[in-house]
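**Q** Structure below; questions to follow.
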Amino acid sequence: MGKYVIKRLILMVFTFLIILTMCFVLIKLLPLPAVKSMGRDVKLVLARREAMGYNKPILVQYGLYWKHLFQGDMGLGEQMYYGLEVVDVFFTKLPYSVVVNLYSILMAIPLGLLFGIYAALRKNHWQDHVVSTMVMLFISVPSYVWAFLVQYILCYKTGWFSLTVASRETTEFFSWAMFKSMFPAVLSLGIYTIAGLTRFTRAELSEVLTGDYLRLARTKGLTRSQAVVRHAMRNAMVPILPMILSEFIGILGGSLIIESVFAIPGIGALFVQSVNLRDYNFFMADTFFYTFIGLLSGLVIDLSYGFIDPRIKMGAR
């Protein structure tokens with residue numbers, strides 16, 4: 001187990017460096033945006049770019065990037081949030097992404113498990129066909145389509161919810177006012193999670209329900225509900241729990257599309273804005289964070305199998 005963890009950590013670091021290097025080179029190959037003269041000193045901006053090494057070769061810039069990064073400096077905003085520390089702006093926006101994803105997960109996981117279990121127990125009945133059809137519909141349609149439909153129906157036509165999220169200065173994150181303002185985004189973000197978890201739960205539980213050991217449990221006198229709860233659910237949860245765990249790890253990642261549609265001032269919208277405006281420092285900060293979260297979630301999910309089911313030996317041949 002220890003050797004497997006060390007091997008995965010080394011592989012994780014190696015992959016992290018490759019992804020970060022590729023993103024750095026690709027973003028630096030794009031031309032620098034023109035200096036906006038309105039309200040800014042053009043000579044001062046050009047001098048600052050020279051000081052930051054923007055006019056040096058890419059390899060030299062890459063070395064300077066890691067030098068500043070080890071000092072805890074991710075630079076200042078140039079095209080957006082001009083002159084502000086990237087780290088400060090990033091951690092100011094991170095709570096919005098965390099809260100909207102947390103609300104979405106807390107809503108999606110119980111519903112996904114409930115629909116999946118119900119469909120598996122009613123397999124090949126009309127209830128199963130209805131659930132499966134809805135799951136395929138929700139998975140097949142992109143999330144931004146559902147976001148626009150939710151926004152149009154719930155926010156524009158009915159007026160039940162606001163088009164934008166409440167500001168942190170006016171209300172607390174974990175309050176009814178904040179949840180109400182975030183509900184359209186939470187619903188749009190949770191639709192895909194509910195559908196995916198429903199499909200996965202139904203598939204795993206349906207396979208377990210046909211196992212020989214479950215028939216043996218029934219012949220020994222257990223009722224159907226006892227056999228399902230004591231044996232089927234416990235075995236079906238082995239592959240399902242890591243999927244749920246990955247959703248909780250992913251709450252830090254935000255959602256690029258949903259945050260942009262509903263104007264949520266989170267790190268997802270910040271990433272899209274940094275790409276459009278070609279702000280190198282904000283782009284690299286978001287890339288650093290997203291890459292780390294993605295690799296960490298994969299590692300935690302793989303390791304969780306061994307803790308959930310001791311019969312699984314990690315790294316065994």
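Following the order of the structure tokens, first chain is A, next is B, and so on, with residues numbered from 1 inside each chain and ligands from 1 in the order they appear.
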List the spatial neighbours of stretch 194-204 of chain A as a PyMOL selection string - criterion: any atom at most 10 Å away, only C-alpha atoms, same-chain residues fewer than 5 positions off excluded.
**A** chain A and resi 104-105+107-123+128+131-132+134-140+187+189+209+232-233+235-240+243-244
**Q** Atom CA of A:Val100 and atom CA of A:Ala185 are how many Å apart?
**A**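 Atom CA of A:Val100 sits 7.3 Å away from atom CA of A:Ala185.
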**Q** Env of A:Ile258: 9 Å cut, atoms = only C-alpha atoms, seq-sep filter 3 positions within chain, self excluded. Answer as a PyMOL selection string.
**A** chain A and resi 143-144+147+185-186+188-189+254-255+261-264+268-269
**Q** Smallest atom-to-atom distance to A:Val275: which of A:Arg48, A:Lys7, A:Lys56, A:Lys28, using only C-alpha atoms?
**A**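 Closest residue, counting only C-alpha atoms: A:Lys28.
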**Q** Using DSSP on the backbone coordinates, identify the residues of stretch 132-168 of chain A assigned to alpha helix (DSSP H); present them as a PyMOL selection string.
**A** chain A and resi 132-140+143-150
**Q** Can you tell me, as a list of chain:residue names, what residues are no more than 10 Å from stretch 9-26 of chain A when counting only C-alpha atoms, ignoring any on the same chain fewer than 5 positions away?
**A**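 Contacts, with the query itself left out: A:Lys3, A:Tyr4, A:Ile58, A:Leu59, A:Gln61, A:Tyr62, A:Tyr65, A:Tyr280, A:Asn281, A:Phe283, A:Met284, A:Thr287, A:Phe288, A:Thr291, A:Phe292, A:Gly294, A:Leu295, A:Leu296, A:Gly298, A:Leu299.
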**Q** Identify, on the basis of only C-alpha atoms, every residue whose closest approach to stretch 73-78 of chain A does not exceed 7 Å; exclude the query and any residue fewer than 6 positions from it along the same chain; express the result as a PyMOL selection string.
**A** chain A and resi 84-87+279+281-282+285
**Q** Using only C-alpha atoms, can you tell me which of A:Met182, A:Val272, A:Leu303, A:Ile293 comes closest to A:Met80?
**A**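 Under the stated criterion, the closest residue is A:Val272.
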